[in-house]
Structure formats: structure tokens, C-alpha cells
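See below for the structure under consideration.
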2 protein chains.
Amino acid sequence: MPSTGRTLAYRDGRTPLTGVLHRDEAQRGPRPGILLVHGGAGLDDHAREQAQRWAALGYVVLACDMYGDGVAGDRQRIMDCVTALRDDPAMLLRRTRAGLDALRDCPDTDGRFAAVGFCFGGMAALSLARSGEGIAGAVSIHGSLTTPAPARPHAVRAKVLVCHGASDPHVPAADVASFAREMEDAHADWQLVMYGGAVHGFTHRHARPGAVPGVAYDERADGRSFADASRFLAETFGLPAA
Amino acid sequence: MPSTGRTLAYRDGRTPLTGVLHRDEAQRGPRPGILLVHGGAGLDDHAREQAQRWAALGYVVLACDMYGDGVAGDRQRIMDCVTALRDDPAMLLRRTRAGLDALRDCPDTDGRFAAVGFCFGGMAALSLARSGEGIAGAVSIHGSLTTPAPARPHAVRAKVLVCHGASDPHVPAADVASFAREMEDAHADWQLVMYGGAVHGFTHRHARPGAVPGVAYDERADGRSFADASRFLAETFGLPAA
């Protein structure tokens with residue numbers, strides 16, 4: 001892929017964070033920015049590859065860092081971070097916004113932004129939408145849908161797309177139903193696509209089959225969700241479809 | 001729209017049926033056929049308009065007749081028909097297949113078919129898929145998802161797309177969840193899209209607001225579901241996107 005990343009240091013308060021900025025150098029001029037939020041494992045190869053995938057479509061993409069230096073690769077510290085962020089919606093939102101602010105400061109964006117997150121990162125992307133942040137779109141891909149801080153009526157300004165594996169054991173039908181009620185009660189502009197045959201983590205093409213219960217790559221759902229999400233963002237930004 | 005319909009008489013056993021065949025006369029050569037199945041009211045203006053919409057994309061479209069002559073417009077006879085077909089999956093399937101066979105006999109189809117149904121007709125389209133009928137695709141738009149005759153494992157040969165209004169009071173979250181389980185247990189290739197803000201009948205642009213409880217036109221969901229369904233069928237048939 002044509003995009004090469006460069007590290008971008010930024011902070012959430014006292015916490016130093018290190019993201020990776022991806023952009024297609026062959027493309028010129030300002031374009032929308034995408035905040036890409038990694039899954040539970042932290043800013044890993046999966047997140048970098050997804051960032052490259054989006055950068056190849058012409059977006060300026062910041063693969064942000066939700067954990068801080070030295071956490072990725074340390075199982076216990078990851079678990080502590082995920083738990084702390086999941087249980088404290090204000091902290092999750094602040095940490096996600098720190099990435100968005102870092103992206104806003106990057107040259108070549110046109111002032112329009114979306115957030116795309118995977119697994120844990122889907123929850124982060126939705127936290128921006130729920131908070132009323134002025135981004136154009138929020139996309140959750142095999143992400144968690146429940147929250148202790150549901151959206152208030154008319155608060156959601158971003159258009160929302162959820163890409164969901166129909167047999168995801170970590171996001172059961174009850175979570176889908178309660179998310180739907182939340183978004184309806186909030187009068188949000190939202191859509192959710194269920195992909196038959198897919199479980200959790202269906203975009204992880206390097207996932208070792210059986211290594212993590214309930215997680216498996218699904219080429220069909222991976223391709224469909226990327227197509228759906230890229231059309232959704234192109235429409236949201238008024239760009240020609242890829 | 002460029003398509004003009006011509007009536008097509010056919011039969012389900014002793015029951016005479018009268019469909020309307022739509023095709024864009026400006027387009028030449030064989031192309032896939034779509035069986036378009038009306039909603040509960042019978043073969044009405046809504047079904048004709050939808051048939052024209054699909055014919056404008058280049059398909060040969062039969063807006064079929066599930067009730068028989070003289071039923072449409074007679075509320076009591078409609079209710080009797082809907083109830084009889086809903087409660088007897090074998091009769092529903094036979095009646096739907098009669099339309100498909102009539103379409104198969106039409107010139108200019110290339111031997112490939114899909115079914116697209118609305119409300120009650122969504123159930124009919126899904127009945128073909130559940131039965132293992134050799135059509136390429138089945139699309140249900142604000143359709144009923146429950147059935148007394150669920151698909152058996154590996155029986156479904158058609159790719160399936162369900163377009164669902166998130167606040168459809170006639171198709172509650174429990175129906176979506178049980179449909180998902182049915183399709184997963186059958187190992188079907190299926191997708192379901194939930195459209196936020198939409199209730200039942202969201203494609204009925206002539207629906208009088210408030211006239212039927214739980215039914216309302218939703219321009220956004222109408223446009224999105226048509227775009228999603230037309231992309232789905234184009235991909236299913238290997239055609240360029242419209």
C-alpha cells in the first residue's frame with residue numbers, strides 16, 4: 001500500500017501517547033481526517049493495516065493510541081487500561097478526544113473528521129458520537145455497543161454506522177437491541193449491518209483460528225464491512241465512492 | 001420512468017393470478033429477472049412503482065400476484081388471503097413459486113433470478129430462500145421475519161438481504177434475533193441492515209401519516225434500502241453497480 005506512517009506524539013493530560021499518522025503521499029490537497037481507534041490489544045499491526053487501508057482511499061488517518069507508551073504487548077497493563085477506560089466513560093471520551101485533537105492539528109485535513117474503531121475502539125468511536133462531538137461520522141466495527149453513558153435525545157451529531165458480526169458472542173442480540181433503543185431514543189441518524197456467519201474480530205486476518213474464543217477472521221464480512229464503511233464515509237463527506 | 005407494464009396471467013393450480021411484467025424497452029439482450037412481491041394490500045400502486053424502479057436498473061421484473069383476481073381492494077378477502085398464506089408455509093411457497101415459474105417463462109431473462117418483497121412479500125421472498133429454491137438472491141424490505149417453516153442447515157442457496165426499520169413495531173427486536181439465529185443455524189449467506197428512525201412500510205411514499213399505526217414513509221430509509229438492495233443484487237449477479 002502507498003501509505004507510510006510516521007509516529008505522532010501527543011498527550012491526554014499527563015499521559016503521553018504515540019499514534020501513527022498515515023496519508024497517501026500521492027494525493028494532494030486537504031481531505032477529511034479519520035481517527036482510527038485500535039482494538040483491545042492496543043496500537044498493533046491490525047490497527048496500522050486498517051489505517052493504511054483507509055489512507056489508501058485518500059483520507060488523512062491517525063491511528064491513535066488509547067493506552068500510552070509501554071502498554072501494548074503487556075497483557076496485564078492492557079487489561080487494566082481497557083477496564084479503566086470501559087468503566088469510566090468520561091476518561092474514555094477524554095482519551096479519544098485527545099487523539100481527535102491531535103488529528104485536528106495535522107496539516108492537510110479539510111476540517112472534517114470521522115472516527116472508525118474496532119472492538120474496544122468501536123466503543124471509543126461511539127463515545128464521540130454519544131457525546132455530541134462535531135464529527136461527521138462514527139463507525140464501529142465488531143465493537144462493543146453497551147455504555148454506562150447512553151446518548152441523550154438529539155445529542156448525536158455524527159452519522160453512525162455499526163458493522164456487527166451476527167454470531168459475535170461478545171456482542172449478543174440483547175446488546176444490539178439495547179443499542180438500537182438507545183439510538184432511536186436519541187433520534188440519531190444511525191444504521192447497523194449484521195453480517196451472517198461472522199463472530200468477533202472478523203477483520204483480523206492474522207487471527208490464529210481458535211486462539212481466542214469467539215474471535216475469527218471472516219473474509220466475506222471483512223470485505224463487506226470495509227465496502228459498507230467506505231461507502232458510508234464517502235456519502236457522509238460527499239465524496240465519490242471508491 | 002421508461003418502463004411500461006403489461007399484464008401477465010398465470011396460475012397457481014386452480015387459482016388464476018394476474019401479475020404485471022415490467023422491463024426497460026430501451027435495454028436489449030437477456031438480463032436477470034426479479035420476482036417482485038407486493039405487501040399486504042396486494043398488487044397495488046406501491047408494488048407497480050417498485051417494479052418500475054427495478055426495471056429501470058435493467059432487470060426484467062414480474063410484479064406477481066399472491067392473492068388472485070378480485071381480492072385487491074377487498075379488505076376482508078385480503079385479510080383472509082394473508083392469514084391463509086402466512087399460516088400455511090407450503091401454500092405460501094407454492095404461490096410464490098408460481099410467480100417465479102411465470103417469470104422463468106418470460107423472454108429476455110438470462111436464467112438468473114432474485115426475489116424482492118415488501119412487508120408480507122418479504123416473507124414470500126424469504127420463503128423461496130428458506131425452501132432452497134435456486135435463485136441468486138432474496139431481499140426482504142420491511143418484511144416479516146418469523147416463519148413456522150425455518151430453513152434447515154445448508155438449505156439456503158440464495159444470498160439473503162433484509163432491510164429492516166429499527167423501530168418497526170410489527171417486526172420487533174425479538175423477531176430480528178430469532179431470524180438471525182435461524183439464518184446462522186442454516187449457515188446461510190445473509191445480511192441484515194437496520195435503518196435508524198424507520199418504522200414499518202418505510203418505502204410507502206404515498207402512505208398517509210398516521211393512517212395505519214406503525215407505518216410511515218421514511219425518505220432516508222427508502223433511499224438507503226434501495227441503494228443497499230440494488231448494490232446487493234448487482235454484486236450477486238456480477239453486474240456493475242448502478
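Lettering and numbering for the C-alpha cells are positional, with chains as A, B, ... in the shown order, residues counted from 1 in each chain, and ligands counted from 1 in the shown order.
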
* Asked: When DSSP works through the backbone of this structure, what residues of stretch 11-183 of chain B end up as alpha helix (DSSP H), shown as number ranges by chain?
  -> B: 45-55, 75-87, 89-104, 120-131, 173-183

* To do: Might you pull out every residue within 12 Å of A:Arg23, with only C-alpha atoms counted and same-chain residues fewer than 4 positions away left off, and present them as a VMD selection string?
  => chain A and resid 1 to 6 27 to 34 48 51 to 63 103 106 to 109

* Asked: Near chain A, which residues of chain B fall within 10 Å when you count only C-alpha atoms, and what do they look like as a PyMOL selection string?
  -> chain B and resi 160-167+172-174+176-178+180-181+183-198+220-221+224+228

* Skip A:Ala216 itself and residues of its chain fewer than 4 positions away, then list as a PyMOL selection string all residues within 10 Å of it, counting only C-alpha atoms. => chain A and resi 168+198-212

* Hey, what's within 9 Å of A:Ala149 if we count only C-alpha atoms and toss same-chain stuff fewer than 3 positions away? As a list in words, please? ->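 In the requested format, the answer is Pro89, Ala90, Ser127, Arg130, Ser131, Thr146 and Arg152 of chain A.
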
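Across the model, the gap from atom CA of A:Cys81 to atom CA of A:Pro148 is 16.9 Å.
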
* Non-local contacts of B:Arg86 (9 Å; only C-alpha atoms; under 6 positions in same chain excluded) as a list in words ->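 Listed by chain and then number, they are Leu92, Phe120, Met123, Ala124, Thr147 and Pro148 of chain B.
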
Those same residues, written as an mmCIF file, in the first residue's frame with N, CA, C and O atoms?
data_model
loop_
_atom_site.group_PDB
_atom_site.id
_atom_site.type_symbol
_atom_site.label_atom_id
_atom_site.label_comp_id
_atom_site.auth_asym_id
_atom_site.auth_seq_id
_atom_site.Cartn_x
_atom_site.Cartn_y
_atom_site.Cartn_z
ATOM 1 N N LEU B 92 -47.849 -20.783 0.851
ATOM 2 C CA LEU B 92 -47.106 -19.547 0.567
ATOM 3 C C LEU B 92 -45.995 -19.812 -0.447
ATOM 4 O O LEU B 92 -45.825 -19.063 -1.417
ATOM 5 N N PHE B 120 -45.506 -8.275 3.785
ATOM 6 C CA PHE B 120 -45.910 -9.659 3.523
ATOM 7 C C PHE B 120 -45.059 -10.283 2.418
ATOM 8 O O PHE B 120 -44.673 -11.464 2.487
ATOM 9 N N MET B 123 -41.784 -11.859 3.417
ATOM 10 C CA MET B 123 -41.956 -13.236 3.906
ATOM 11 C C MET B 123 -41.986 -14.211 2.731
ATOM 12 O O MET B 123 -41.404 -15.309 2.790
ATOM 13 N N ALA B 124 -42.650 -13.811 1.655
ATOM 14 C CA ALA B 124 -42.719 -14.670 0.463
ATOM 15 C C ALA B 124 -41.336 -14.833 -0.175
ATOM 16 O O ALA B 124 -40.941 -15.951 -0.542
ATOM 17 N N THR B 147 -41.263 -17.401 10.880
ATOM 18 C CA THR B 147 -41.853 -18.400 9.997
ATOM 19 C C THR B 147 -42.122 -19.680 10.775
ATOM 20 O O THR B 147 -41.357 -20.014 11.677
ATOM 21 N N PRO B 148 -43.199 -20.381 10.414
ATOM 22 C CA PRO B 148 -43.378 -21.714 11.003
ATOM 23 C C PRO B 148 -42.506 -22.770 10.316
ATOM 24 O O PRO B 148 -42.474 -23.913 10.775
#

* Asked: Skipping near chain neighbours, those fewer than 4 positions away, what residues fall within 7 Å of A:Asp65 using only C-alpha atoms, listed as a list in words?
  -> Leu17, Thr18, Gly19 and Leu43 of chain A

* Mind listing the strand (DSSP E) residues of stretch 41-221 of chain B, per DSSP on the backbone, as a PyMOL selection string? => chain B and resi 60-63+109-118+137-141+159-165+190-195

* To do: With a distance cut-off of 10 Å and only C-alpha atoms, select the neighbouring residues of B:Ala241, excluding the residue or stretch itself and same-chain residues fewer than 3 positions from it, and output the selection as JSON, numbers by chain.
  => {"B": [57, 227, 230, 231, 232, 233, 234, 235, 238]}

* Structure fact -> For B:Ala47, the closest of B:Ala114, B:Met79, B:Cys119, B:Ala102 counting only C-alpha atoms is B:Cys119

* Which value, in Å to one decimal, gives the distance between atom CA of A:Arg11 and atom CA of A:Tyr67? ->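 Taking atom CA of A:Arg11 as the start and atom CA of A:Tyr67 as the end point, the length is 10.8 Å.
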
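Interatomic distance, atom CA of B:Gly40 to atom CA of B:Asp101: 21.6 Å.
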